[in-house]
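The structure appears right after this line, and notes come after that.
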Amino acid sequence: MAAVAATAATKGNGGGSGRAGAGEGGGTRKRKGPGPVATAYLVIYNVVMTAGWLVIAVGLVRAYLAKGSYHSLYYSIEKPLKFFQTGALLEILHCAIGIVPSSVVLTSFQVMSRVFLIWAVTHSVKEVQSEDSVLLFVIAWTITEIIRYSFYTFSLLNHLPYIIKWARYTLFIVLYPMGVTGELLTIYAALPFVRQAGLYSISLPNKYNFSFDYYTFLILVMISYIPLFPQLYFHMIHQRRKILSRTEEHKKFD
Amino acid sequence: MPVPHKIAKKHKKAVLFFEVEILDAKTREKLCFLDKVEPQATIAEIKNLFTKTRECRPYTSIPTPTWASLGTCREGLSAHWNPQWYPARQSLRLDPKGKSLKDEDVLQKLPVGTTATLFFRDLGAQISWVTVFLTEYAGPLFIYLLFYFRVPFIYGHKYDFTSSRHTVVHLACICHSSHYVKRLLETLFVHRFSHGTMPLRNIFKNCTYYWGFAAWMAYYINHPLYTPPTYGAQQVKLALTIFVICQLGNFSIHMALRDLRPAGSKTRKIPYPTKNPFTWLFLLVSCPNYTYEVGSWIGFAIMTQCVPVALFSLVGFTQMTIWAKGKHRSYLKEFRDYPPLRMPIIPFLL
């Protein structure tokens, strides 16, 4: 979910999914864009994020070439991954103050699910960091985010190359299931260690009269993928049809 | 002495009738045409007429009362598969994107010519407020008791139908239960609702919230491993006092608000303090009923020293603050002379 959720369910950092390049398809809604200061800030933000995820991509490739195997590559990109994924929390703020026309709730959900996987699962349960499933979702996220942030950058500058738009609305078809698989396998791998260590869990009796079982919570999280994944996936497919066909029509009139 | 009858005078007076056409707000499809509508007809009456026309077959006219007559119903394309649009689910408006007209609005007072065009939007299945309130409050009352009596399959088998040895647990049950009994009785006998209905899906949302939290709180308070409050009987006494005072306060406000509005009416007036000291909070807040409600739950949280109760109080406080701010804003908009000292929910602060 963290994989797709960030790809295109949001209209994202100032760009607007269908807006850039081809322009509004004759909608009656007048979208007031962010002011010039906000636009400058958002361009900088998106450029920095694109660069950050490129650093992670390059880091993965270099580590693979150095080690000669694709196992345990997580350690080589752990710091930039944590930094740039956590930085995405700013996107919630962008929606809240209105410089990005997305829903705060949706964006929060998307960013928090990513942050949850990075910190509350991968960071917290050291034993899963050497799992291959981690590489699976890291690669999916990396490719997705590089495309997504460059999409927003170009949209803000009103110069969106079709290839970027195409990539954003096509590659998810493979990247989303890949990311979801990686995420689920990672959470699953973490379970026995959570149970063993009683991680983040509190049991009765205690003076707060409260209990929380992180193990059960993780299982519920995994189950929640079942209703959420198809919804988000088909929403993306629907968006793809709408946006890529619209561009085709515009091309006809050029 | 015989009381003189008043014989209804039947006289034909020249009346300028209105025509009303109702279009779908989204498709602009002509749904109905009413001719010969009395100028003093209210929107509520027009909604009723609209419902009746939807029952008819194409191009037949319906026998009508003398004060208004129905035109021929032109069935739209959608007529045969749409559910019956009873008045509660009709939103009629002058502009497709505009605000809904109120039931009390009179046709001739609207900015329309003698042929009025109204736009219709389906509000979806509706359910009465009373039904929703009764359902959402009966649930917690019943559910809490299931946990209190330790009905099987909740706690371990050896605890089935046992009773807690802590006084505070029994006290908590009395407080929680009487709170919801109070709410049910108020719904039946005290509250005067502005709106008759709300969308059907609200009942699922609301019941999930109330019933879910009730089960969650009740689970811990009535748990065999429950830990009584750290400061013992002192803490419980203080908390109970807060709870009772706030419950009495909340009830006083409900009664004061009821007395503001005569039965069956929808009038709105500024509420003021009465002789009842609990209502003096009106001097400082617009919605003291919410203030007292938050106070009650804080009292209950202190009494039970239970995190889920604190969370429930917090969520409730957030929602009531949103409502109070909205109410405060509409008071300010409607009444020029609204007391300036008042805050929405917390004196001087919020």
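Each chain in the structure tokens gets a letter, A, B and so on, in the order shown; residues start at 1 in every chain, and ligands are counted from 1 in the order they appear.
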Contact set, chain B to chain A: 10 Å, only C-alpha atoms, as a compact mmCIF listing (two decimals) with all heavy atoms, in the first residue's frame:
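See result-v8.txt below for the written result:
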# COMPACT_ATOMS: atom_id res chain seq x y z
N TRP B 216 -14.75 -1.27 24.14
CA TRP B 216 -13.33 -1.14 24.46
C TRP B 216 -13.13 -0.69 25.91
O TRP B 216 -12.33 -1.27 26.65
CB TRP B 216 -12.69 -0.14 23.48
CG TRP B 216 -11.21 -0.19 23.39
CD1 TRP B 216 -10.42 -1.30 23.45
CD2 TRP B 216 -10.33 0.91 23.22
NE1 TRP B 216 -9.11 -0.96 23.32
CE2 TRP B 216 -9.01 0.39 23.17
CE3 TRP B 216 -10.52 2.29 23.08
CZ2 TRP B 216 -7.89 1.21 23.00
CZ3 TRP B 216 -9.39 3.09 22.89
CH2 TRP B 216 -8.11 2.55 22.86
N MET B 217 -13.88 0.31 26.35
CA MET B 217 -13.76 0.79 27.74
C MET B 217 -14.20 -0.29 28.71
O MET B 217 -13.51 -0.59 29.70
CB MET B 217 -14.66 2.01 27.94
CG MET B 217 -14.27 3.23 27.18
SD MET B 217 -15.18 4.68 27.76
CE MET B 217 -16.79 4.40 27.07
N TYR B 219 -14.33 -3.42 28.44
CA TYR B 219 -13.44 -4.57 28.52
C TYR B 219 -12.40 -4.39 29.63
O TYR B 219 -12.16 -5.29 30.44
CB TYR B 219 -12.74 -4.79 27.18
CG TYR B 219 -11.70 -5.87 27.21
CD1 TYR B 219 -12.06 -7.22 27.19
CD2 TYR B 219 -10.35 -5.56 27.31
CE1 TYR B 219 -11.10 -8.23 27.26
CE2 TYR B 219 -9.39 -6.56 27.38
CZ TYR B 219 -9.76 -7.88 27.35
OH TYR B 219 -8.81 -8.87 27.41
N TYR B 220 -11.79 -3.20 29.67
CA TYR B 220 -10.73 -2.97 30.64
C TYR B 220 -11.26 -2.70 32.04
O TYR B 220 -10.69 -3.18 33.02
CB TYR B 220 -9.84 -1.81 30.19
CG TYR B 220 -8.99 -2.19 29.00
CD1 TYR B 220 -9.27 -1.69 27.74
CD2 TYR B 220 -7.94 -3.09 29.15
CE1 TYR B 220 -8.51 -2.08 26.65
CE2 TYR B 220 -7.18 -3.47 28.07
CZ TYR B 220 -7.48 -2.96 26.82
OH TYR B 220 -6.73 -3.35 25.75
N ILE B 221 -12.33 -1.93 32.14
CA ILE B 221 -12.83 -1.59 33.48
C ILE B 221 -13.31 -2.85 34.20
O ILE B 221 -13.10 -3.01 35.41
CB ILE B 221 -13.96 -0.54 33.39
CG1 ILE B 221 -13.43 0.74 32.75
CG2 ILE B 221 -14.55 -0.24 34.76
CD1 ILE B 221 -14.50 1.75 32.41
N HIS B 223 -12.34 -5.91 33.63
CA HIS B 223 -11.39 -7.01 33.49
C HIS B 223 -10.99 -7.56 34.86
O HIS B 223 -10.83 -6.80 35.81
CB HIS B 223 -10.14 -6.51 32.76
CG HIS B 223 -9.33 -7.58 32.13
ND1 HIS B 223 -8.50 -8.40 32.85
CD2 HIS B 223 -9.24 -7.99 30.84
CE1 HIS B 223 -7.91 -9.26 32.02
NE2 HIS B 223 -8.35 -9.03 30.80
N PRO B 224 -10.83 -8.87 34.97
CA PRO B 224 -10.39 -9.45 36.24
C PRO B 224 -9.05 -8.87 36.74
O PRO B 224 -8.79 -8.82 37.93
CB PRO B 224 -10.23 -10.94 35.93
CG PRO B 224 -11.11 -11.18 34.76
CD PRO B 224 -11.16 -9.90 33.98
N LEU B 225 -8.22 -8.39 35.81
CA LEU B 225 -6.92 -7.83 36.19
C LEU B 225 -6.96 -6.30 36.28
O LEU B 225 -5.92 -5.65 36.23
CB LEU B 225 -5.84 -8.25 35.18
CG LEU B 225 -5.56 -9.75 35.11
CD1 LEU B 225 -4.53 -10.04 34.02
CD2 LEU B 225 -5.06 -10.27 36.45
N TYR B 226 -8.15 -5.74 36.42
CA TYR B 226 -8.29 -4.29 36.54
C TYR B 226 -7.56 -3.77 37.77
O TYR B 226 -7.61 -4.39 38.84
CB TYR B 226 -9.77 -3.91 36.63
CG TYR B 226 -10.02 -2.45 36.94
CD1 TYR B 226 -9.87 -1.48 35.97
CD2 TYR B 226 -10.39 -2.06 38.24
CE1 TYR B 226 -10.09 -0.14 36.26
CE2 TYR B 226 -10.60 -0.73 38.53
CZ TYR B 226 -10.46 0.23 37.55
OH TYR B 226 -10.66 1.56 37.84
N THR B 227 -6.85 -2.63 37.61
CA THR B 227 -6.14 -2.01 38.73
C THR B 227 -6.91 -0.75 39.16
O THR B 227 -7.06 0.17 38.36
CB THR B 227 -4.73 -1.60 38.29
OG1 THR B 227 -4.10 -2.70 37.66
CG2 THR B 227 -3.90 -1.14 39.49
N PRO B 228 -7.36 -0.68 40.42
CA PRO B 228 -8.10 0.50 40.88
C PRO B 228 -7.20 1.75 40.90
O PRO B 228 -5.98 1.62 40.90
CB PRO B 228 -8.56 0.14 42.29
CG PRO B 228 -8.19 -1.27 42.52
CD PRO B 228 -7.26 -1.71 41.45
N PRO B 229 -7.80 2.94 40.94
CA PRO B 229 -7.05 4.18 40.88
C PRO B 229 -5.93 4.28 41.93
O PRO B 229 -6.07 3.79 43.04
CB PRO B 229 -8.10 5.26 41.14
CG PRO B 229 -9.37 4.64 40.74
CD PRO B 229 -9.25 3.18 40.99
N THR B 230 -4.83 4.95 41.49
CA THR B 230 -3.64 5.06 42.33
C THR B 230 -3.93 5.72 43.68
O THR B 230 -3.38 5.31 44.71
CB THR B 230 -2.58 5.90 41.60
OG1 THR B 230 -2.48 5.42 40.27
CG2 THR B 230 -1.23 5.79 42.27
N THR B 304 -12.01 5.89 36.76
CA THR B 304 -11.63 4.53 36.38
C THR B 304 -10.13 4.40 36.11
O THR B 304 -9.61 3.29 36.08
CB THR B 304 -12.38 4.10 35.11
OG1 THR B 304 -12.11 5.06 34.09
CG2 THR B 304 -13.87 4.00 35.34
N GLN B 305 -9.45 5.54 35.93
CA GLN B 305 -8.03 5.56 35.60
C GLN B 305 -7.74 4.55 34.48
O GLN B 305 -6.98 3.60 34.65
CB GLN B 305 -7.16 5.26 36.83
CG GLN B 305 -5.73 5.74 36.63
CD GLN B 305 -4.94 5.69 37.93
OE1 GLN B 305 -5.22 6.40 38.88
NE2 GLN B 305 -3.92 4.84 37.94
N CYS B 306 -8.41 4.79 33.36
CA CYS B 306 -8.34 3.85 32.25
C CYS B 306 -8.07 4.61 30.96
O CYS B 306 -8.83 5.52 30.59
CB CYS B 306 -9.68 3.11 32.18
SG CYS B 306 -9.83 1.97 30.81
N VAL B 307 -6.98 4.28 30.29
CA VAL B 307 -6.58 5.00 29.06
C VAL B 307 -7.65 5.03 27.98
O VAL B 307 -7.91 6.08 27.40
CB VAL B 307 -5.25 4.43 28.52
CG1 VAL B 307 -5.01 4.83 27.08
CG2 VAL B 307 -4.09 4.89 29.38
N PRO B 308 -8.31 3.93 27.65
CA PRO B 308 -9.38 3.99 26.65
C PRO B 308 -10.46 5.01 26.98
O PRO B 308 -11.00 5.65 26.07
CB PRO B 308 -9.93 2.56 26.62
CG PRO B 308 -8.77 1.72 26.98
CD PRO B 308 -8.01 2.53 28.01
N VAL B 309 -10.78 5.19 28.26
CA VAL B 309 -11.78 6.19 28.63
C VAL B 309 -11.23 7.58 28.33
O VAL B 309 -11.95 8.44 27.81
CB VAL B 309 -12.16 6.09 30.13
CG1 VAL B 309 -13.17 7.16 30.49
CG2 VAL B 309 -12.70 4.72 30.45
Practice task
May I ask which of the residues B:His254, B:His176, B:Lys205, B:Lys52 is the closest one to Phe193 (chain B), counting only C-alpha atoms?
Solution key: B:His254
Handout entry: Residues near Trp297 (chain B), cut-off 9 Å, only C-alpha atoms, skip fewer than 5 positions along chain, as a list in words
Key = Phe243, Cys246, Tyr292, Ile302, Val309, Ala310, Phe312, Ser313 and Gly316 of chain B
Exercise for the section: Go through B:Pro152, B:Pro262, B:Gly196, B:Gly212 and flag the residue nearest Val130 (chain B), using only C-alpha atoms for the distances. Expected result: B:Gly196
Exercise for the section: Run DSSP on the backbone and give me the residues of region 59-141 of chain A it puts in helix (DSSP H, G or I), as a VMD selection string. Expected result: chain A and resid 59 to 67 74 to 87 90 to 97 104 to 123 126 to 128 132 to 141
Practice task
Quick one: pull the distance between CA of Gln108 (chain B) and CA of Leu23 (chain B), Å, one decimal.
Solution key: 19.0 Å
Exercise for the section: Find the residues around region 224-229 of chain A up to 12 Å (only C-alpha atoms counted), leave out those fewer than 2 positions away in its own chain, and share them as number ranges by chain. Expected result: A: 1-5, 9, 109-110, 113, 176-181, 183-184, 187, 217-222, 231-236
Practice task
Tell me, as a PyMOL selection string, which residues lie within 12 Å of Asp24 (chain B), counting only C-alpha atoms; anything in the same chain fewer than 3 positions away does not count.
Solution key: chain B and resi 21+27-32+76-79+90-97+117-122
Handout entry: strand (DSSP E or B) call set, DSSP backbone run, region 56-267 of chain B, as a PyMOL selection string
Key = chain B and resi 90-93+106+115-122+126-128+197-199
Create the file for the chosen residues now, containing C-alpha atoms and written as a tab-separated table (two decimals), in the first residue's frame.
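Wrote it out as selection.tsv, contents follow:
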chain	number	residue	atom	x	y	z
B	90	GLN	CA	-35.57	15.75	-1.43
B	91	SER	CA	-33.34	18.76	-1.64
B	92	LEU	CA	-34.96	21.50	-3.68
B	93	ARG	CA	-33.01	24.56	-4.59
B	106	VAL	CA	-43.12	30.13	0.96
B	115	THR	CA	-43.14	29.99	-13.22
B	116	ALA	CA	-40.62	28.71	-10.70
B	117	THR	CA	-37.82	26.38	-11.66
B	118	LEU	CA	-36.56	24.26	-8.82
B	119	PHE	CA	-33.61	21.91	-8.96
B	120	PHE	CA	-33.84	18.55	-7.25
B	121	ARG	CA	-31.08	16.61	-5.59
B	122	ASP	CA	-31.60	13.22	-3.98
B	126	GLN	CA	-32.90	9.08	5.26
B	127	ILE	CA	-33.41	7.96	8.79
B	128	SER	CA	-34.98	9.91	11.64
B	197	THR	CA	-33.83	13.09	9.38
B	198	MET	CA	-30.21	12.43	8.54
B	199	PRO	CA	-28.60	10.23	5.84
